[in-house]
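Undergrad: The following file, my_file-v2.cif, comprises mmCIF, C-alpha atoms:
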```
data_query
#
loop_
_atom_site.label_atom_id
_atom_site.label_comp_id
_atom_site.auth_asym_id
_atom_site.auth_seq_id
_atom_site.Cartn_x
_atom_site.Cartn_y
_atom_site.Cartn_z
CA MET A 197 9.00 -40.17 18.68
CA ILE A 198 6.25 -38.49 20.68
CA ARG A 199 5.82 -39.91 24.15
CA LYS A 200 2.30 -40.96 25.02
CA LYS A 201 0.74 -38.89 27.81
CA LYS A 202 -0.30 -40.81 30.89
CA LYS A 203 -3.55 -40.22 32.71
CA GLY A 204 -3.20 -37.30 35.08
CA GLU A 205 -0.30 -35.66 33.22
CA PHE A 206 -0.34 -32.09 31.94
CA GLN A 207 -2.27 -31.81 28.63
CA TYR A 208 -3.52 -35.41 28.80
CA LEU A 209 -6.99 -34.35 27.68
CA ASP A 210 -5.80 -32.52 24.56
CA ARG A 211 -3.65 -35.51 23.60
CA LEU A 212 -6.59 -37.86 24.20
CA LYS A 213 -8.77 -35.90 21.76
CA SER A 214 -5.98 -35.93 19.20
CA ASN A 215 -5.59 -39.71 19.58
CA TYR A 216 -9.32 -40.24 19.07
CA LEU A 217 -9.22 -38.17 15.89
CA TRP A 218 -6.23 -40.06 14.46
CA LYS A 219 -7.81 -43.42 15.26
CA ILE A 220 -11.06 -42.39 13.55
CA LEU A 221 -9.11 -41.44 10.42
CA LEU A 222 -7.12 -44.69 10.58
CA PHE A 223 -10.23 -46.88 10.77
CA LEU A 224 -11.83 -44.88 7.96
CA VAL A 225 -8.79 -45.32 5.69
CA ILE A 226 -8.50 -49.03 6.51
CA GLY A 227 -12.22 -49.62 5.88
CA LEU A 228 -12.22 -47.76 2.59
CA SER A 229 -9.03 -49.53 1.48
CA ILE A 230 -10.51 -52.95 2.18
CA PHE A 231 -13.69 -52.00 0.32
CA VAL A 232 -11.78 -50.72 -2.74
CA ILE A 233 -9.53 -53.81 -2.79
CA GLY A 234 -12.67 -55.97 -2.68
CA LEU A 235 -14.15 -54.08 -5.61
CA LEU A 236 -10.96 -54.44 -7.65
CA LEU A 237 -10.62 -58.17 -6.93
CA ASN A 238 -14.30 -58.90 -7.66
CA LYS A 239 -14.81 -57.07 -10.97
CA MET A 240 -16.38 -54.01 -9.30
CA GLU A 241 -19.11 -56.09 -7.61
CA PRO A 242 -19.78 -54.70 -4.11
CA GLN A 243 -21.34 -57.96 -2.83
CA ASN A 244 -18.24 -59.71 -1.50
CA ILE A 245 -16.56 -60.65 1.76
CA PHE A 246 -14.30 -57.58 1.58
CA SER A 247 -17.38 -55.35 1.81
CA VAL A 248 -18.47 -57.15 4.97
CA VAL A 249 -15.02 -56.71 6.54
CA ALA A 250 -14.97 -53.04 5.52
CA ILE A 251 -18.37 -52.50 7.15
CA LEU A 252 -17.10 -54.16 10.34
CA MET A 253 -14.40 -51.46 10.53
CA VAL A 254 -17.21 -49.09 11.46
CA LEU A 255 -17.51 -50.67 14.92
CA PRO A 256 -14.08 -49.74 16.33
CA GLY A 257 -14.30 -46.43 14.49
CA ALA A 258 -17.66 -45.67 16.13
CA LYS A 259 -16.15 -46.33 19.56
CA GLN A 260 -13.52 -43.68 18.82
CA VAL A 261 -16.19 -41.24 17.61
CA VAL A 262 -18.09 -41.66 20.89
CA GLY A 263 -14.88 -40.98 22.85
CA LEU A 264 -14.17 -37.87 20.79
CA ILE A 265 -17.71 -36.56 21.24
CA ALA A 266 -17.47 -37.10 25.01
CA THR A 267 -14.18 -35.20 25.29
CA VAL A 268 -14.81 -32.28 22.90
CA PRO A 269 -16.53 -30.00 25.47
CA TYR A 270 -13.55 -30.25 27.84
CA HIS A 271 -10.09 -28.71 27.58
CA SER A 272 -6.72 -29.21 29.23
CA VAL A 273 -5.57 -26.65 31.75
CA THR A 274 -3.22 -23.98 30.44
CA LYS A 275 0.50 -23.96 31.19
CA LYS A 276 0.09 -20.81 33.31
CA GLU A 277 -2.73 -22.36 35.40
CA TYR A 278 -0.77 -25.59 35.79
CA GLU A 279 2.34 -23.77 37.01
CA HIS A 280 0.23 -21.70 39.41
CA ILE A 281 -1.24 -24.79 41.08
CA SER A 282 2.09 -26.67 40.95
CA SER A 283 3.77 -23.84 42.84
CA HIS A 284 1.56 -24.59 45.87
CA LEU A 285 2.57 -28.26 46.12
CA LYS A 286 4.51 -29.48 49.12
CA GLU A 287 6.59 -32.60 49.55
CA GLY A 288 4.54 -35.79 49.42
CA GLN A 289 1.69 -34.24 47.45
CA THR A 290 1.01 -35.62 43.98
CA LEU A 291 -0.79 -33.46 41.42
CA TYR A 292 -2.94 -34.97 38.69
CA VAL A 293 -4.55 -32.84 35.98
CA ASP A 294 -7.19 -33.34 33.29
CA MET A 295 -8.93 -36.12 35.19
CA LEU A 296 -11.99 -36.69 32.98
CA MET A 297 -14.02 -39.43 34.67
CA THR A 298 -17.12 -41.21 33.52
CA SER A 299 -19.96 -42.92 35.31
CA LYS A 300 -23.16 -44.39 33.98
CA ASP A 301 -24.90 -41.06 34.65
CA ARG A 302 -22.39 -38.35 33.78
CA ILE A 303 -18.99 -37.17 32.66
CA MET A 304 -16.99 -35.29 35.30
CA LEU A 305 -13.89 -33.18 34.80
CA PHE A 306 -11.46 -32.54 37.61
CA PRO A 307 -8.95 -30.04 36.24
CA TYR A 308 -6.79 -30.65 39.34
CA MET A 309 -6.61 -33.48 41.80
CA VAL A 310 -4.04 -33.78 44.58
CA GLU A 311 -3.35 -36.96 46.53
CA VAL A 312 -1.41 -37.64 49.68
CA PRO A 313 -1.66 -40.91 51.61
CA GLY A 314 -5.08 -40.82 53.24
CA LYS A 315 -6.59 -37.87 51.39
CA ILE A 316 -7.66 -36.74 47.93
CA ILE A 317 -8.79 -33.24 47.09
CA ALA A 318 -10.08 -32.19 43.71
CA LEU A 319 -11.20 -29.05 41.96
CA ALA A 320 -14.43 -29.58 40.06
CA ASP A 321 -15.02 -28.22 36.58
CA PRO A 322 -16.34 -24.65 36.88
CA LYS A 323 -19.38 -25.68 34.80
CA GLU A 324 -20.26 -28.52 37.22
CA LYS A 325 -23.60 -27.85 38.90
CA ASP A 326 -23.74 -30.86 41.24
CA VAL A 327 -20.42 -30.73 43.11
CA LYS A 328 -21.83 -32.76 46.04
CA GLY A 329 -22.94 -35.51 43.64
CA VAL A 330 -19.50 -35.58 42.02
CA GLU A 331 -17.84 -35.73 45.44
CA LYS A 332 -20.15 -38.56 46.51
CA TYR A 333 -19.29 -40.56 43.38
CA LEU A 334 -15.55 -40.11 43.92
CA PHE A 335 -15.86 -40.84 47.64
CA GLN A 336 -17.81 -44.07 47.10
CA ASN A 337 -15.30 -45.38 44.58
CA VAL A 338 -12.34 -44.59 46.85
CA ARG A 339 -14.06 -46.03 49.93
CA ASN A 340 -14.55 -49.34 48.15
CA TYR A 341 -10.79 -49.88 48.43
CA CYS A 342 -9.74 -47.93 51.50
CA SER A 343 -12.01 -46.76 54.30
CA ASP A 344 -9.27 -44.51 55.70
CA TYR A 345 -9.21 -42.11 52.74
CA GLN A 346 -10.89 -38.72 52.86
CA VAL A 347 -12.21 -37.15 49.67
CA CYS A 348 -13.05 -33.46 49.19
CA VAL A 349 -14.18 -31.78 45.98
CA PHE A 350 -14.16 -28.01 45.71
CA LYS A 351 -16.01 -25.71 43.33
CA GLU A 352 -13.76 -22.70 43.88
CA GLU A 353 -10.00 -22.57 43.44
CA LYS A 354 -9.36 -20.48 46.55
CA TYR A 355 -10.88 -23.18 48.81
CA PHE A 356 -9.01 -25.87 46.92
CA LEU A 357 -5.70 -24.03 47.42
CA ARG A 358 -6.45 -23.42 51.10
CA GLU A 359 -7.03 -27.14 51.65
CA LEU A 360 -3.96 -27.97 49.53
CA ASN A 361 -1.80 -25.91 51.88
CA ARG A 362 -3.20 -27.81 54.90
CA MET A 363 -2.86 -31.33 53.46
CA THR A 364 -0.58 -33.72 55.31
CA PRO A 365 -0.08 -37.44 54.75
CA ALA A 366 -1.92 -39.88 56.99
CA ASP A 367 -0.87 -43.36 58.02
CA VAL A 368 -2.22 -45.56 55.24
CA ARG A 369 -0.87 -48.92 54.11
CA GLU A 370 0.99 -48.68 50.78
CA ASP A 371 -1.10 -51.46 49.18
CA GLU A 372 -4.31 -49.56 50.03
CA ARG A 373 -2.86 -46.38 48.53
CA GLU A 374 -1.95 -48.26 45.34
CA GLN A 375 -5.49 -49.64 45.12
CA VAL A 376 -7.00 -46.16 45.54
CA LEU A 377 -4.77 -44.72 42.79
CA LYS A 378 -5.55 -47.69 40.57
CA ILE A 379 -9.31 -47.14 40.92
CA LEU A 380 -8.91 -43.41 40.25
CA PHE A 381 -7.12 -44.10 37.00
CA THR A 382 -9.65 -46.73 35.91
CA LEU A 383 -12.36 -44.08 36.22
CA VAL A 384 -10.45 -41.69 33.92
CA MET A 385 -11.29 -41.90 30.22
CA PRO A 386 -8.66 -43.90 28.31
#
```
Written as structure tokens, that's how I'd like the structure from this file.
TA:
Amino acid sequence: MIRKKKKGEFQYLDRLKSNYLWKILLFLVIGLSIFVIGLLLNKMEPQNIFSVVAILMVLPGAKQVVGLIATVPYHSVTKKEYEHISSHLKEGQTLYVDMLMTSKDRIMLFPYMVEVPGKIIALADPKEKDVKGVEKYLFQNVRNYCSDYQVCVFKEEKYFLRELNRMTPADVREDEREQVLKILFTLVMP
């Protein structure tokens, strides 16, 4: 059995796209099956309750199509890139990858995000033009739950790695840290 990838794990984004695709196919097969069964039970007359139920299968299928369309332009980090960043981690630092977050205005990819108590640093997608806007969005969401957390988003990997090497844990209550991580993962596409 294939284990489901959790948000922030290596290759989460590729698995997410695959899940969307399988769910789309599943809803399509279920909808068509219900429609055909309705035709067979009603002497090939399409005006029946089975047709209505089959049409309703479009709604959850459409939700999956929207998710797939939103994720298609983005890709998981490669194994080589992941190992390169992982090699810089120190004790107490937690690495999250493929953090694809959504807001009402935009979709933001953070290929890498590192958290220690009191601080979060992230590497923005190289195609991101408004890094300050992305940082502000992340900062505001984190600050809603813990005013002691610092948030930094970097456009270039060398600055991200430099800050990663300097990161040290701060004195933050464990319940506040849990709340910050919880909000981060609610922002990531399911």
Undergrad: If we count all atoms listed in the file, what is near Arg373 of chain A at a cut-off of 9 Å, once residues fewer than 3 positions away on the same chain are taken out, given as a list in words?
TA: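 These residues fall inside the cut-off: Val312, Pro313, Gly314, Tyr341, Cys342, Tyr345, Val368, Arg369, Glu370, Val376, Leu377 and Lys378 of chain A.
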Undergrad: Tell me which of A:Leu360, A:Ala366, A:Ile251, A:Val330 sits closest to Asp344 of chain A, counting only C-alpha atoms.
TA: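 Result for the nearest residue to Asp344 of chain A: A:Ala366.
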Undergrad: Just say which residues the PyMOL selection byres ((chain A and resi 200-202) around 12) picks in this file, as a PyMOL selection string.
TA: chain A and resi 197-199+203-215+292-295+381+384-386
Undergrad: Nearest to Ala258 of chain A: which of A:Asn238, A:Ile245, A:Lys315, A:Phe223 is it, counting only C-alpha atoms?
TA: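 Among the listed residues, A:Phe223 lies closest to Ala258 of chain A.
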Undergrad: Using all atoms listed in the file, find the one residue out of A:Phe231, A:Leu357, A:Val338, A:Ser299 that sits nearest to Gln243 of chain A.
TA: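 Closest residue, counting all atoms listed in the file: A:Phe231.
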Undergrad: Record the distance separating atom CA of Pro242 of chain A and atom CA of Leu228 of chain A, expressed in Å with one decimal.
TA: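 Atom CA of Leu228 of chain A lies 12.3 Å from atom CA of Pro242 of chain A.
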Undergrad: Where does the PyMOL selection byres ((chain A and resi 247) around 12) land in this file, that is, which residues does it pick, as a ChimeraX atom specification?
TA: /A:226-238,240-246,248-254
